[in-house]
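Here is the structure we will look at.
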Amino acid sequence: MPLHSPLPHHNAPAPDTAPEQRTAVDKALTLLKSLAEMDGEIGVSELARRTRMSKSTTFRLLGILQRNDLVERVGSDYRLGAQLIDIGSRAYGPTTPLLQERLLPHLADLYELTRETVHLAVLHGTNIVYVNKLHGHRAARSPSRIGARLPAYCTGVGKALLAFDHDAAEAAIEAGLTARTEYTLADPCSFRADLRRIRQDGIAYDRQEAVLGLTCVAVPIMGPAGRPVAALSIAGADRRFDPARFAPALRRVAYEASRAVSSARARQAVPAGIGALSGA
């Protein structure tokens, strides 16, 4: 028998004895969050890598989420399901699905006129929520997805809405205008000046303020009493997209959308005001 045990090698890594702290619910939510970050579908292997889970665990949890309509399978890839999107839209106010339905024809009109990526968004506190989106033929990389939230101060649709909501604009400034890119209007004075211009011109621009390489032009959809209820935008890659070119079409469609909202309000179908529409 050996008189003593061999000394451990000091350079050997310590065994990982820490137990897995995440429950199955935690892991499922992690998968949903990762899917929400994607602008499209993603495969099991890549999703497992992003969430630091085994491929077998990822596949098993995706199956459970799919059976509950929280994710959808597209070939061998996955994306968020309609049930989850419906739950998200209802969280921002009971009229959001109605707003989606009422304004979808106008969003479709805007797409037909431009063939670019178009958005419909509402204000929720100091964030915007995308309630609808149609992809253009030459879609640029974008964080916008149906149900996604982004800070309003750095997006075209957000600034189009903040310009007509003084309290929300000041709350955004007080929370801090974090520079997401080198082009973000992070200075309160510059930001307030931009909102004043938007109120005068009725049109907002996001020139790579939220994401490098992405440019947007947006206008508010006005409801009764001159308050916006939502905003429309057109987005494209900065290297080729000229927002001024699409401004006339955007104004025209927003005008028709505003008429539709006012008509619905007259029939008590759509409450007035941003707060009523977004639950803010």
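Chain lettering (A, B, ...) mirrors the order of the structure tokens, residue numbering begins at 1 for each chain separately, and ligand numbering begins at 1 in order of display.
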Pick out the residues sitting within 12 Å of Asp201 (chain A), and hand them over as a VMD selection string; count only C-alpha atoms, and ignore anything fewer than 2 positions along from it in its own chain. chain A and resid 160 163 194 to 199 203 to 205 218 to 220 247 251
Mind dumping the selected residues with N, CA and C atoms as an mmCIF file, in the first residue's frame?
```cif
data_model
loop_
_atom_site.group_PDB
_atom_site.id
_atom_site.type_symbol
_atom_site.label_atom_id
_atom_site.label_comp_id
_atom_site.auth_asym_id
_atom_site.auth_seq_id
_atom_site.Cartn_x
_atom_site.Cartn_y
_atom_site.Cartn_z
ATOM 1 N N ALA A 160 -42.142 60.584 -31.965
ATOM 2 C CA ALA A 160 -43.371 61.115 -32.548
ATOM 3 C C ALA A 160 -44.483 61.179 -31.509
ATOM 4 N N ALA A 163 -43.389 63.765 -28.302
ATOM 5 C CA ALA A 163 -43.488 65.181 -28.658
ATOM 6 C C ALA A 163 -44.832 65.773 -28.249
ATOM 7 N N ASP A 194 -35.452 68.681 -30.338
ATOM 8 C CA ASP A 194 -35.940 67.770 -31.374
ATOM 9 C C ASP A 194 -37.444 67.555 -31.229
ATOM 10 N N LEU A 195 -37.929 67.439 -30.002
ATOM 11 C CA LEU A 195 -39.366 67.266 -29.783
ATOM 12 C C LEU A 195 -40.140 68.508 -30.217
ATOM 13 N N ARG A 196 -39.574 69.686 -29.989
ATOM 14 C CA ARG A 196 -40.238 70.921 -30.442
ATOM 15 C C ARG A 196 -40.355 70.923 -31.971
ATOM 16 N N ARG A 197 -39.289 70.502 -32.637
ATOM 17 C CA ARG A 197 -39.332 70.451 -34.102
ATOM 18 C C ARG A 197 -40.379 69.459 -34.583
ATOM 19 N N ILE A 198 -40.478 68.315 -33.896
ATOM 20 C CA ILE A 198 -41.464 67.304 -34.278
ATOM 21 C C ILE A 198 -42.882 67.852 -34.121
ATOM 22 N N ARG A 199 -43.138 68.593 -33.048
ATOM 23 C CA ARG A 199 -44.469 69.184 -32.865
ATOM 24 C C ARG A 199 -44.794 70.163 -33.988
ATOM 25 N N ILE A 203 -43.392 65.285 -37.914
ATOM 26 C CA ILE A 203 -42.662 64.110 -38.390
ATOM 27 C C ILE A 203 -41.390 63.932 -37.567
ATOM 28 N N ALA A 204 -41.056 62.678 -37.271
ATOM 29 C CA ALA A 204 -39.896 62.368 -36.428
ATOM 30 C C ALA A 204 -38.919 61.477 -37.181
ATOM 31 N N TYR A 205 -37.648 61.603 -36.820
ATOM 32 C CA TYR A 205 -36.601 60.792 -37.448
ATOM 33 C C TYR A 205 -35.770 60.091 -36.384
ATOM 34 N N ALA A 218 -41.050 58.625 -38.861
ATOM 35 C CA ALA A 218 -42.291 58.275 -38.183
ATOM 36 C C ALA A 218 -43.206 59.484 -38.065
ATOM 37 N N VAL A 219 -44.500 59.208 -37.976
ATOM 38 C CA VAL A 219 -45.500 60.251 -37.734
ATOM 39 C C VAL A 219 -46.531 59.721 -36.753
ATOM 40 N N PRO A 220 -47.138 60.612 -35.959
ATOM 41 C CA PRO A 220 -48.184 60.164 -35.042
ATOM 42 C C PRO A 220 -49.509 59.985 -35.765
ATOM 43 N N ALA A 247 -41.467 60.444 -46.687
ATOM 44 C CA ALA A 247 -42.257 61.277 -45.782
ATOM 45 C C ALA A 247 -43.648 61.610 -46.329
ATOM 46 N N ARG A 251 -47.097 60.632 -44.321
ATOM 47 C CA ARG A 251 -48.054 61.647 -43.858
ATOM 48 C C ARG A 251 -49.458 61.326 -44.377
#
```
List as a PyMOL selection string the protein and nucleic acid residues near Val25 (chain A), meaning an atom at most 12 Å away when only C-alpha atoms are counted, but skip any in the same chain fewer than 6 places from it. chain A and resi 31-32+61-62+64-65
Next, the residues of the selection above should be written as a short mmCIF file (atom, residue, chain, number, x, y, z; two decimals), in the first residue's frame with C-alpha atoms.
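Once written, again_14.cif looks like this:
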```cif
data_model
loop_
_atom_site.label_atom_id
_atom_site.label_comp_id
_atom_site.auth_asym_id
_atom_site.auth_seq_id
_atom_site.Cartn_x
_atom_site.Cartn_y
_atom_site.Cartn_z
CA LEU A 31 -35.89 30.39 -23.81
CA LEU A 32 -38.80 32.78 -24.36
CA LEU A 61 -38.83 22.65 -23.03
CA LEU A 62 -39.56 23.93 -26.53
CA ILE A 64 -43.82 21.98 -23.82
CA LEU A 65 -43.97 25.63 -24.89
#
```
Would you pick out the contacts of Glu182 (chain A) at 12 Å or less, using only C-alpha atoms, so that residues sharing its chain but fewer than 4 positions from it are not included, and give the list as a short mmCIF file (atom, residue, chain, number, x, y, z; two decimals) with N, CA and C atoms, in the first residue's frame?
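Writing the result to result22.cif gives the following:
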```cif
data_model
loop_
_atom_site.label_atom_id
_atom_site.label_comp_id
_atom_site.auth_asym_id
_atom_site.auth_seq_id
_atom_site.Cartn_x
_atom_site.Cartn_y
_atom_site.Cartn_z
N CYS A 154 -35.29 57.10 -28.16
CA CYS A 154 -34.31 56.86 -29.22
C CYS A 154 -34.93 56.22 -30.46
N THR A 178 -29.91 57.41 -22.03
CA THR A 178 -28.70 56.62 -22.25
C THR A 178 -28.36 56.55 -23.73
N ALA A 186 -28.65 62.16 -26.41
CA ALA A 186 -28.57 61.91 -24.98
C ALA A 186 -28.55 63.19 -24.16
N ASP A 187 -28.42 64.33 -24.81
CA ASP A 187 -28.41 65.62 -24.11
C ASP A 187 -29.85 66.12 -23.99
N ARG A 207 -32.19 58.60 -36.74
CA ARG A 207 -31.03 58.40 -37.62
C ARG A 207 -29.95 57.64 -36.87
N GLN A 208 -30.10 56.33 -36.82
CA GLN A 208 -29.16 55.43 -36.14
C GLN A 208 -29.08 55.72 -34.65
N GLU A 209 -30.17 56.18 -34.06
CA GLU A 209 -30.17 56.51 -32.63
C GLU A 209 -30.41 55.29 -31.75
N ALA A 210 -31.15 54.32 -32.26
CA ALA A 210 -31.42 53.10 -31.48
C ALA A 210 -30.44 51.99 -31.84
N VAL A 211 -30.14 51.86 -33.13
CA VAL A 211 -29.25 50.80 -33.63
C VAL A 211 -28.42 51.38 -34.76
N LEU A 212 -27.13 51.11 -34.75
CA LEU A 212 -26.28 51.56 -35.84
C LEU A 212 -26.72 50.92 -37.15
N GLY A 213 -26.80 51.73 -38.19
CA GLY A 213 -27.16 51.22 -39.50
C GLY A 213 -28.64 51.27 -39.81
#
```
Just list the residues in region 57-270 of chain A DSSP gives alpha helix (DSSP H) on the backbone, as an MDAnalysis selection string. chainID A and resid 57:67 82:91 96:114 156:162 166:175 188:201 243:266
Determine, counting only C-alpha atoms, which protein, DNA and RNA residues have an atom within 8 Å of an atom of Arg145 (chain A); residues of the same chain fewer than 4 positions away are not included. Present the result as a ChimeraX atom specification. /A:36,39,130,132-133
With all heavy atoms retained, export the selected residues as a short mmCIF file (atom, residue, chain, number, x, y, z; two decimals), in the first residue's frame.
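Final file, out_8.cif:
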```cif
data_model
loop_
_atom_site.label_atom_id
_atom_site.label_comp_id
_atom_site.auth_asym_id
_atom_site.auth_seq_id
_atom_site.Cartn_x
_atom_site.Cartn_y
_atom_site.Cartn_z
N ALA A 36 -37.45 36.14 -27.98
CA ALA A 36 -37.94 37.51 -28.14
C ALA A 36 -36.86 38.44 -28.68
O ALA A 36 -37.15 39.48 -29.27
CB ALA A 36 -38.46 38.05 -26.80
N ASP A 39 -35.17 38.45 -34.47
CA ASP A 39 -36.08 38.99 -35.47
C ASP A 39 -36.32 37.92 -36.54
O ASP A 39 -35.92 38.03 -37.68
CB ASP A 39 -35.48 40.25 -36.10
CG ASP A 39 -36.49 41.01 -36.95
OD1 ASP A 39 -37.70 40.76 -36.79
OD2 ASP A 39 -36.07 41.83 -37.77
N TYR A 130 -44.31 47.81 -29.89
CA TYR A 130 -44.67 47.55 -31.29
C TYR A 130 -45.88 46.62 -31.32
O TYR A 130 -45.81 45.48 -30.84
CB TYR A 130 -43.49 46.91 -32.03
CG TYR A 130 -42.33 47.84 -32.22
CD1 TYR A 130 -41.22 47.80 -31.38
CD2 TYR A 130 -42.34 48.79 -33.24
CE1 TYR A 130 -40.16 48.66 -31.55
CE2 TYR A 130 -41.28 49.66 -33.42
CZ TYR A 130 -40.20 49.59 -32.57
OH TYR A 130 -39.14 50.45 -32.73
N ASN A 132 -47.65 46.09 -34.29
CA ASN A 132 -47.70 45.44 -35.59
C ASN A 132 -46.48 45.81 -36.41
O ASN A 132 -45.89 46.88 -36.21
CB ASN A 132 -48.97 45.81 -36.36
CG ASN A 132 -49.61 44.60 -37.02
OD1 ASN A 132 -48.91 43.70 -37.47
ND2 ASN A 132 -50.93 44.57 -37.08
N LYS A 133 -46.11 44.91 -37.33
CA LYS A 133 -44.94 45.13 -38.16
C LYS A 133 -45.08 44.32 -39.44
O LYS A 133 -45.53 43.17 -39.40
CB LYS A 133 -43.67 44.71 -37.42
CG LYS A 133 -42.38 44.77 -38.26
CD LYS A 133 -41.17 44.32 -37.44
CE LYS A 133 -39.88 44.41 -38.24
NZ LYS A 133 -38.69 44.02 -37.46
#
```
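Shortest atom-to-atom contact with Thr58 (chain A) among A:Ala28, A:Leu70, A:Leu80, A:Ile128: A:Ala28, counting only C-alpha atoms.
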Quick one: of A:Leu29, A:Met222, A:Val157, A:Ala148, who's nearest to Ser263 (chain A), counting only C-alpha atoms?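 Looking at the shortest contact to Ser263 (chain A), the residue is A:Met222.
For Ala168 (chain A), the residues within 10 Å (counting only C-alpha atoms, excluding itself and residues fewer than 6 positions away along the chain) are Leu123, His124, Gly125, Thr126, Asn127, Ala152, Tyr153, Leu161, Leu162, Glu174 and Ala280 of chain A.
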Would you pick out the contacts of Ser144 (chain A) at 12 Å or less, using only C-alpha atoms, so that residues sharing its chain but fewer than 6 positions from it are not included, and give the list as a PyMOL selection string? chain A and resi 36-40+117-121+128-135+150-151+155-157+210-211+214+216+233-235
